[in-house]
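Data block for entry.pdb (PDB, C-alpha atoms):
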```pdb
ATOM      1  CA  MET A   1      82.901 234.891  71.531  1.00  0.00           C
ATOM      2  CA  PRO A   2      85.076 237.946  70.889  1.00  0.00           C
ATOM      3  CA  GLU A   3      83.885 241.408  71.876  1.00  0.00           C
ATOM      4  CA  ARG A   4      82.150 243.270  69.054  1.00  0.00           C
ATOM      5  CA  GLY A   5      82.909 246.915  68.425  1.00  0.00           C
ATOM      6  CA  PRO A   6      80.467 249.803  67.947  1.00  0.00           C
ATOM      7  CA  GLY A   7      78.131 249.456  65.012  1.00  0.00           C
ATOM      8  CA  TYR A   8      77.610 245.701  65.383  1.00  0.00           C
ATOM      9  CA  GLY A   9      74.072 244.309  65.377  1.00  0.00           C
ATOM     10  CA  ALA A  10      71.029 246.215  66.608  1.00  0.00           C
ATOM     11  CA  TRP A  11      73.025 248.870  68.492  1.00  0.00           C
ATOM     12  CA  PRO A  12      74.926 251.223  66.175  1.00  0.00           C
ATOM     13  CA  ASP A  13      76.852 252.704  69.111  1.00  0.00           C
ATOM     14  CA  GLY A  14      77.748 249.320  70.585  1.00  0.00           C
ATOM     15  CA  GLU A  15      75.790 246.818  72.624  1.00  0.00           C
ATOM     16  CA  PRO A  16      74.625 248.276  75.957  1.00  0.00           C
ATOM     17  CA  ASP A  17      74.941 246.377  79.226  1.00  0.00           C
ATOM     18  CA  LEU A  18      71.967 244.007  79.212  1.00  0.00           C
ATOM     19  CA  PRO A  19      72.437 241.763  82.268  1.00  0.00           C
ATOM     20  CA  LEU A  20      69.396 239.564  81.674  1.00  0.00           C
ATOM     21  CA  TRP A  21      70.376 239.020  78.042  1.00  0.00           C
ATOM     22  CA  GLU A  22      73.866 238.023  79.232  1.00  0.00           C
ATOM     23  CA  LEU A  23      72.166 235.678  81.696  1.00  0.00           C
ATOM     24  CA  ILE A  24      70.197 234.019  78.883  1.00  0.00           C
ATOM     25  CA  ARG A  25      73.301 233.640  76.721  1.00  0.00           C
ATOM     26  CA  THR A  26      75.286 232.240  79.648  1.00  0.00           C
ATOM     27  CA  SER A  27      72.449 229.900  80.596  1.00  0.00           C
ATOM     28  CA  HIS A  28      72.717 228.169  77.217  1.00  0.00           C
ATOM     29  CA  VAL A  29      76.411 227.428  77.792  1.00  0.00           C
ATOM     30  CA  VAL A  30      75.776 226.267  81.367  1.00  0.00           C
ATOM     31  CA  ALA A  31      72.795 224.129  80.316  1.00  0.00           C
ATOM     32  CA  ARG A  32      74.921 222.274  77.751  1.00  0.00           C
ATOM     33  CA  GLY A  33      77.520 221.539  80.428  1.00  0.00           C
ATOM     34  CA  PHE A  34      74.938 220.361  82.959  1.00  0.00           C
ATOM     35  CA  THR A  35      73.130 218.242  80.372  1.00  0.00           C
ATOM     36  CA  ALA A  36      76.377 216.392  79.589  1.00  0.00           C
ATOM     37  CA  LEU A  37      77.262 216.105  83.286  1.00  0.00           C
ATOM     38  CA  PHE A  38      73.894 214.632  84.271  1.00  0.00           C
ATOM     39  CA  ALA A  39      73.761 212.351  81.229  1.00  0.00           C
ATOM     40  CA  SER A  40      76.959 210.716  82.497  1.00  0.00           C
ATOM     41  CA  VAL A  41      75.011 209.474  85.547  1.00  0.00           C
ATOM     42  CA  GLY A  42      71.735 208.801  83.705  1.00  0.00           C
ATOM     43  CA  LEU A  43      69.797 211.938  84.661  1.00  0.00           C
ATOM     44  CA  THR A  44      68.526 215.125  83.096  1.00  0.00           C
ATOM     45  CA  PRO A  45      68.989 218.476  84.842  1.00  0.00           C
ATOM     46  CA  THR A  46      65.292 218.493  85.775  1.00  0.00           C
ATOM     47  CA  GLN A  47      65.443 214.959  87.186  1.00  0.00           C
ATOM     48  CA  PHE A  48      68.429 216.017  89.288  1.00  0.00           C
ATOM     49  CA  GLY A  49      66.380 218.972  90.529  1.00  0.00           C
ATOM     50  CA  VAL A  50      63.577 216.633  91.600  1.00  0.00           C
ATOM     51  CA  LEU A  51      65.922 214.287  93.458  1.00  0.00           C
ATOM     52  CA  ALA A  52      67.861 217.133  95.083  1.00  0.00           C
ATOM     53  CA  THR A  53      64.627 218.751  96.253  1.00  0.00           C
ATOM     54  CA  LEU A  54      63.170 215.519  97.624  1.00  0.00           C
ATOM     55  CA  ALA A  55      66.454 214.702  99.387  1.00  0.00           C
ATOM     56  CA  SER A  56      65.471 217.123 102.166  1.00  0.00           C
ATOM     57  CA  GLY A  57      63.179 214.344 103.397  1.00  0.00           C
ATOM     58  CA  GLU A  58      59.992 216.353 103.057  1.00  0.00           C
ATOM     59  CA  ASP A  59      57.192 214.649 101.113  1.00  0.00           C
ATOM     60  CA  LEU A  60      55.911 216.996  98.410  1.00  0.00           C
ATOM     61  CA  THR A  61      52.994 216.834  96.013  1.00  0.00           C
ATOM     62  CA  GLN A  62      53.700 217.073  92.287  1.00  0.00           C
ATOM     63  CA  ALA A  63      52.427 220.675  92.296  1.00  0.00           C
ATOM     64  CA  GLU A  64      54.689 221.624  95.227  1.00  0.00           C
ATOM     65  CA  LEU A  65      57.629 219.938  93.556  1.00  0.00           C
ATOM     66  CA  ALA A  66      56.931 221.750  90.276  1.00  0.00           C
ATOM     67  CA  ARG A  67      57.006 225.097  92.096  1.00  0.00           C
ATOM     68  CA  ALA A  68      60.217 224.162  93.927  1.00  0.00           C
ATOM     69  CA  ILE A  69      62.109 223.259  90.740  1.00  0.00           C
ATOM     70  CA  MET A  70      60.416 225.977  88.661  1.00  0.00           C
ATOM     71  CA  VAL A  71      58.726 223.864  86.003  1.00  0.00           C
ATOM     72  CA  ARG A  72      55.127 223.882  84.834  1.00  0.00           C
ATOM     73  CA  PRO A  73      52.913 221.518  86.866  1.00  0.00           C
ATOM     74  CA  GLN A  74      51.672 219.958  83.616  1.00  0.00           C
ATOM     75  CA  SER A  75      55.166 218.666  82.861  1.00  0.00           C
ATOM     76  CA  MET A  76      55.566 216.955  86.241  1.00  0.00           C
ATOM     77  CA  ASN A  77      53.491 213.837  85.608  1.00  0.00           C
ATOM     78  CA  GLU A  78      55.640 212.469  82.785  1.00  0.00           C
ATOM     79  CA  LEU A  79      58.793 213.408  84.681  1.00  0.00           C
ATOM     80  CA  PHE A  80      57.578 211.769  87.880  1.00  0.00           C
ATOM     81  CA  VAL A  81      56.451 208.586  86.090  1.00  0.00           C
ATOM     82  CA  SER A  82      59.907 208.196  84.520  1.00  0.00           C
ATOM     83  CA  LEU A  83      61.572 208.497  87.945  1.00  0.00           C
ATOM     84  CA  LEU A  84      58.973 206.194  89.511  1.00  0.00           C
ATOM     85  CA  LYS A  85      59.580 203.473  86.890  1.00  0.00           C
ATOM     86  CA  ARG A  86      63.317 203.673  87.560  1.00  0.00           C
ATOM     87  CA  GLY A  87      62.713 203.268  91.314  1.00  0.00           C
ATOM     88  CA  LEU A  88      64.251 206.671  92.135  1.00  0.00           C
ATOM     89  CA  VAL A  89      61.105 208.120  93.724  1.00  0.00           C
ATOM     90  CA  GLU A  90      57.928 206.745  95.242  1.00  0.00           C
ATOM     91  CA  ARG A  91      54.529 208.065  96.246  1.00  0.00           C
ATOM     92  CA  ASP A  92      52.829 207.541  99.580  1.00  0.00           C
ATOM     93  CA  GLY A  93      49.470 206.512  98.150  1.00  0.00           C
ATOM     94  CA  PRO A  94      47.587 205.608  94.999  1.00  0.00           C
ATOM     95  CA  GLY A  95      47.188 209.203  93.860  1.00  0.00           C
ATOM     96  CA  GLY A  96      44.410 210.228  91.560  1.00  0.00           C
ATOM     97  CA  ARG A  97      42.395 213.308  90.841  1.00  0.00           C
ATOM     98  CA  GLY A  98      41.818 215.440  93.920  1.00  0.00           C
ATOM     99  CA  ARG A  99      43.934 213.285  96.236  1.00  0.00           C
ATOM    100  CA  ARG A 100      47.033 214.636  97.925  1.00  0.00           C
ATOM    101  CA  THR A 101      49.852 212.214  97.307  1.00  0.00           C
ATOM    102  CA  GLY A 102      53.280 212.883  98.746  1.00  0.00           C
ATOM    103  CA  LEU A 103      56.358 212.067  96.703  1.00  0.00           C
ATOM    104  CA  ARG A 104      59.646 210.991  98.217  1.00  0.00           C
ATOM    105  CA  ILE A 105      63.104 209.941  97.113  1.00  0.00           C
ATOM    106  CA  THR A 106      64.071 206.254  97.433  1.00  0.00           C
ATOM    107  CA  ASP A 107      67.406 204.800  98.522  1.00  0.00           C
ATOM    108  CA  ALA A 108      68.223 204.220  94.839  1.00  0.00           C
ATOM    109  CA  GLY A 109      67.434 207.882  94.150  1.00  0.00           C
ATOM    110  CA  ARG A 110      69.702 208.965  97.006  1.00  0.00           C
ATOM    111  CA  GLU A 111      72.522 206.772  95.673  1.00  0.00           C
ATOM    112  CA  LEU A 112      72.219 208.268  92.185  1.00  0.00           C
ATOM    113  CA  LEU A 113      72.058 211.780  93.637  1.00  0.00           C
ATOM    114  CA  ALA A 114      75.208 211.059  95.669  1.00  0.00           C
ATOM    115  CA  ARG A 115      76.989 209.986  92.455  1.00  0.00           C
ATOM    116  CA  ALA A 116      76.033 213.243  90.727  1.00  0.00           C
ATOM    117  CA  GLN A 117      76.757 215.666  93.577  1.00  0.00           C
ATOM    118  CA  PRO A 118      80.586 215.663  93.386  1.00  0.00           C
ATOM    119  CA  GLU A 119      80.415 216.402  89.655  1.00  0.00           C
ATOM    120  CA  VAL A 120      77.903 219.209  90.248  1.00  0.00           C
ATOM    121  CA  GLU A 121      80.179 220.711  92.893  1.00  0.00           C
ATOM    122  CA  GLU A 122      83.201 220.433  90.583  1.00  0.00           C
ATOM    123  CA  PHE A 123      81.297 222.063  87.691  1.00  0.00           C
ATOM    124  CA  ASN A 124      80.290 224.917  90.033  1.00  0.00           C
ATOM    125  CA  ALA A 125      83.734 225.387  91.588  1.00  0.00           C
ATOM    126  CA  PRO A 126      84.816 229.036  91.377  1.00  0.00           C
ATOM    127  CA  GLU A 127      88.017 228.164  89.522  1.00  0.00           C
ATOM    128  CA  ALA A 128      86.017 226.130  86.964  1.00  0.00           C
ATOM    129  CA  ILE A 129      83.943 229.193  86.075  1.00  0.00           C
ATOM    130  CA  GLY A 130      86.752 231.750  86.132  1.00  0.00           C
ATOM    131  CA  LEU A 131      85.828 233.410  89.432  1.00  0.00           C
ATOM    132  CA  SER A 132      87.319 233.745  92.888  1.00  0.00           C
ATOM    133  CA  ALA A 133      85.417 232.198  95.805  1.00  0.00           C
ATOM    134  CA  ALA A 134      84.179 235.656  96.826  1.00  0.00           C
ATOM    135  CA  GLU A 135      83.046 236.465  93.275  1.00  0.00           C
ATOM    136  CA  ALA A 136      81.210 233.131  92.978  1.00  0.00           C
ATOM    137  CA  ALA A 137      79.415 233.755  96.281  1.00  0.00           C
ATOM    138  CA  GLU A 138      78.445 237.268  95.134  1.00  0.00           C
ATOM    139  CA  LEU A 139      77.241 235.958  91.766  1.00  0.00           C
ATOM    140  CA  SER A 140      75.066 233.357  93.523  1.00  0.00           C
ATOM    141  CA  ARG A 141      73.649 236.037  95.802  1.00  0.00           C
ATOM    142  CA  MET A 142      72.875 238.378  92.905  1.00  0.00           C
ATOM    143  CA  LEU A 143      71.267 235.617  90.816  1.00  0.00           C
ATOM    144  CA  ARG A 144      68.979 234.734  93.741  1.00  0.00           C
ATOM    145  CA  VAL A 145      67.923 238.380  94.012  1.00  0.00           C
ATOM    146  CA  VAL A 146      67.109 238.510  90.288  1.00  0.00           C
ATOM    147  CA  ARG A 147      65.230 235.196  90.401  1.00  0.00           C
ATOM    148  CA  ASP A 148      63.228 236.179  93.489  1.00  0.00           C
ATOM    149  CA  THR A 149      62.415 239.579  92.009  1.00  0.00           C
ATOM    150  CA  LEU A 150      61.212 238.210  88.683  1.00  0.00           C
ATOM    151  CA  ALA A 151      59.533 235.012  89.893  1.00  0.00           C
TER     152      ALA A 151
END
```
Represent the structure contained in this file as structure tokens.
Amino acid sequence: MPERGPGYGAWPDGEPDLPLWELIRTSHVVARGFTALFASVGLTPTQFGVLATLASGEDLTQAELARAIMVRPQSMNELFVSLLKRGLVERDGPGGRGRRTGLRITDAGRELLARAQPEVEEFNAPEAIGLSAAEAAELSRMLRVVRDTLA
């Protein structure tokens, strides 16, 4: 989108620097790209997040997994059931109210994750996002600071 001059929109003297608003606007563009990328391998961005998190080998409960991928715990059950039905994750027990049940990635989940990873790396490559390697590293560092501060 082209730059707008003074007097455009809500700011008569020109839009001030609003880094979090820029982050929101940029996130919409990035989300569209990731949604298309993950759809090509049969995943959603959130499903990828689950598989990538479980790939560490640590068994997590649905609540722990929700915190790790920053989604509401209430949305995890439907998400987990869809991955369970596809054989991408498994649980270490029957589950149920009040029971701790660990979730883990299956071999099929690891294979699908391995198919997606090169595309994720390519999408995130500094040259693909118009940055140098140093700028991309600094952007990642700054975004982590913002996320950790606001979380």
### Task
To one decimal in Å, tell me the separation between CA of Val120 in chain A and CA of Glu90 in chain A.
24.1 Å
Give me the residues within 12 Å of range 26-31 of chain A as a PDB file with C-alpha atoms, keeping the file's coordinate frame, counting all atoms listed in the file and dropping any in the same chain fewer than 2 places off.
```
ATOM      1  CA  MET A   1      82.901 234.891  71.531  1.00  0.00           C
ATOM      2  CA  PRO A  19      72.437 241.763  82.268  1.00  0.00           C
ATOM      3  CA  LEU A  20      69.396 239.564  81.674  1.00  0.00           C
ATOM      4  CA  TRP A  21      70.376 239.020  78.042  1.00  0.00           C
ATOM      5  CA  GLU A  22      73.866 238.023  79.232  1.00  0.00           C
ATOM      6  CA  LEU A  23      72.166 235.678  81.696  1.00  0.00           C
ATOM      7  CA  ILE A  24      70.197 234.019  78.883  1.00  0.00           C
ATOM      8  CA  GLY A  33      77.520 221.539  80.428  1.00  0.00           C
ATOM      9  CA  PHE A  34      74.938 220.361  82.959  1.00  0.00           C
ATOM     10  CA  THR A  35      73.130 218.242  80.372  1.00  0.00           C
ATOM     11  CA  ALA A  36      76.377 216.392  79.589  1.00  0.00           C
ATOM     12  CA  LEU A  37      77.262 216.105  83.286  1.00  0.00           C
ATOM     13  CA  PHE A  38      73.894 214.632  84.271  1.00  0.00           C
ATOM     14  CA  ALA A  39      73.761 212.351  81.229  1.00  0.00           C
ATOM     15  CA  THR A  44      68.526 215.125  83.096  1.00  0.00           C
ATOM     16  CA  PRO A  45      68.989 218.476  84.842  1.00  0.00           C
ATOM     17  CA  THR A  46      65.292 218.493  85.775  1.00  0.00           C
ATOM     18  CA  VAL A 120      77.903 219.209  90.248  1.00  0.00           C
ATOM     19  CA  PHE A 123      81.297 222.063  87.691  1.00  0.00           C
ATOM     20  CA  ASN A 124      80.290 224.917  90.033  1.00  0.00           C
ATOM     21  CA  ALA A 128      86.017 226.130  86.964  1.00  0.00           C
ATOM     22  CA  ILE A 129      83.943 229.193  86.075  1.00  0.00           C
ATOM     23  CA  LEU A 143      71.267 235.617  90.816  1.00  0.00           C
TER      24      LEU A 143
END
```
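Those residues that approach Met70 in chain A to within 10 Å, counting all atoms listed in the file, are A:Thr46, A:Gly49, A:Glu64, A:Leu65, A:Ala66, A:Arg67, A:Pro73, A:Ala151; same-chain residues fewer than 3 positions away are not listed.
In this model, the gap between CA of Leu79 in chain A and CA of Ala63 in chain A comes to 12.3 Å.
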### Task
Around the point (75.9, 213.1, 94.7) in the file's coordinates, collect all residues with an atom within 12 Å, using all atoms listed in the file, and return them as a ChimeraX atom specification.
/A:37-38,41,43,48-49,51-52,55,108-122
### Summary
One residue among A:Ser40, A:Val81, A:Thr101, A:Arg32 is nearest to Thr61 in chain A when using only C-alpha atoms, and that residue is A:Thr101
### Message
To test your reading of the syntax: which residues would the PyMOL selection byres ((chain A and resi 89) around 9) return for the file shown? Reply as an MDAnalysis selection string.
### Response
chainID A and resid 51 54 80:81 83:88 90:91 103:109
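Taking CA of Gln47 in chain A as the reference point, CA of Gln62 in chain A is found at 13.0 Å.
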Output requested as a compact mmCIF listing (two decimals), in the frame of the given file - range 54-65 of chain A, filled out with all heavy atoms.
```txt
# COMPACT_ATOMS: atom_id res chain seq x y z
N LEU A 54 63.76 216.53 96.75
CA LEU A 54 63.17 215.52 97.62
C LEU A 54 64.15 215.00 98.67
O LEU A 54 63.74 214.43 99.67
CB LEU A 54 62.62 214.35 96.79
CG LEU A 54 61.40 214.66 95.93
CD1 LEU A 54 61.04 213.44 95.09
CD2 LEU A 54 60.22 215.11 96.79
N ALA A 55 65.44 215.21 98.45
CA ALA A 55 66.45 214.70 99.39
C ALA A 55 66.36 215.35 100.76
O ALA A 55 66.90 214.83 101.73
CB ALA A 55 67.85 214.89 98.81
N SER A 56 65.65 216.47 100.86
CA SER A 56 65.47 217.12 102.17
C SER A 56 64.67 216.25 103.12
O SER A 56 64.69 216.47 104.32
CB SER A 56 64.76 218.47 102.00
OG SER A 56 63.40 218.26 101.64
N GLY A 57 63.97 215.25 102.57
CA GLY A 57 63.18 214.34 103.40
C GLY A 57 61.72 214.72 103.50
O GLY A 57 60.91 213.96 103.99
N GLU A 58 61.38 215.89 103.01
CA GLU A 58 59.99 216.35 103.06
C GLU A 58 59.22 215.75 101.89
O GLU A 58 59.67 215.79 100.74
CB GLU A 58 59.97 217.88 102.97
CG GLU A 58 58.60 218.48 103.10
CD GLU A 58 58.63 220.00 103.03
OE1 GLU A 58 59.72 220.59 103.03
OE2 GLU A 58 57.55 220.58 102.96
N ASP A 59 58.06 215.15 102.17
CA ASP A 59 57.19 214.65 101.11
C ASP A 59 56.50 215.84 100.46
O ASP A 59 55.94 216.69 101.15
CB ASP A 59 56.13 213.70 101.67
CG ASP A 59 56.71 212.37 102.12
OD1 ASP A 59 57.93 212.19 102.02
OD2 ASP A 59 55.93 211.52 102.57
N LEU A 60 56.53 215.90 99.14
CA LEU A 60 55.91 217.00 98.41
C LEU A 60 54.92 216.45 97.40
O LEU A 60 55.12 215.35 96.87
CB LEU A 60 56.97 217.82 97.67
CG LEU A 60 58.04 218.49 98.52
CD1 LEU A 60 59.10 219.13 97.63
CD2 LEU A 60 57.42 219.54 99.43
N THR A 61 53.89 217.21 97.11
CA THR A 61 52.99 216.83 96.01
C THR A 61 53.67 217.21 94.70
O THR A 61 54.66 217.95 94.68
CB THR A 61 51.65 217.58 96.10
OG1 THR A 61 51.89 218.98 95.90
CG2 THR A 61 50.95 217.33 97.44
N GLN A 62 53.13 216.73 93.59
CA GLN A 62 53.70 217.07 92.29
C GLN A 62 53.64 218.58 92.06
O GLN A 62 54.58 219.16 91.52
CB GLN A 62 52.97 216.32 91.16
CG GLN A 62 53.39 214.88 91.07
CD GLN A 62 52.81 214.15 89.88
OE1 GLN A 62 52.59 212.97 89.96
NE2 GLN A 62 52.54 214.81 88.79
N ALA A 63 52.56 219.22 92.47
CA ALA A 63 52.43 220.68 92.30
C ALA A 63 53.47 221.41 93.14
O ALA A 63 54.10 222.37 92.65
CB ALA A 63 51.02 221.13 92.67
N GLU A 64 53.68 220.99 94.38
CA GLU A 64 54.69 221.62 95.23
C GLU A 64 56.09 221.43 94.65
O GLU A 64 56.92 222.34 94.66
CB GLU A 64 54.63 221.05 96.64
CG GLU A 64 53.38 221.42 97.40
CD GLU A 64 53.15 220.59 98.65
OE1 GLU A 64 53.68 219.45 98.75
OE2 GLU A 64 52.43 221.08 99.54
N LEU A 65 56.33 220.24 94.15
CA LEU A 65 57.63 219.94 93.56
C LEU A 65 57.85 220.78 92.30
O LEU A 65 58.94 221.31 92.08
CB LEU A 65 57.71 218.45 93.24
CG LEU A 65 59.05 217.86 92.91
CD1 LEU A 65 60.10 218.20 93.94
CD2 LEU A 65 58.93 216.35 92.76
```
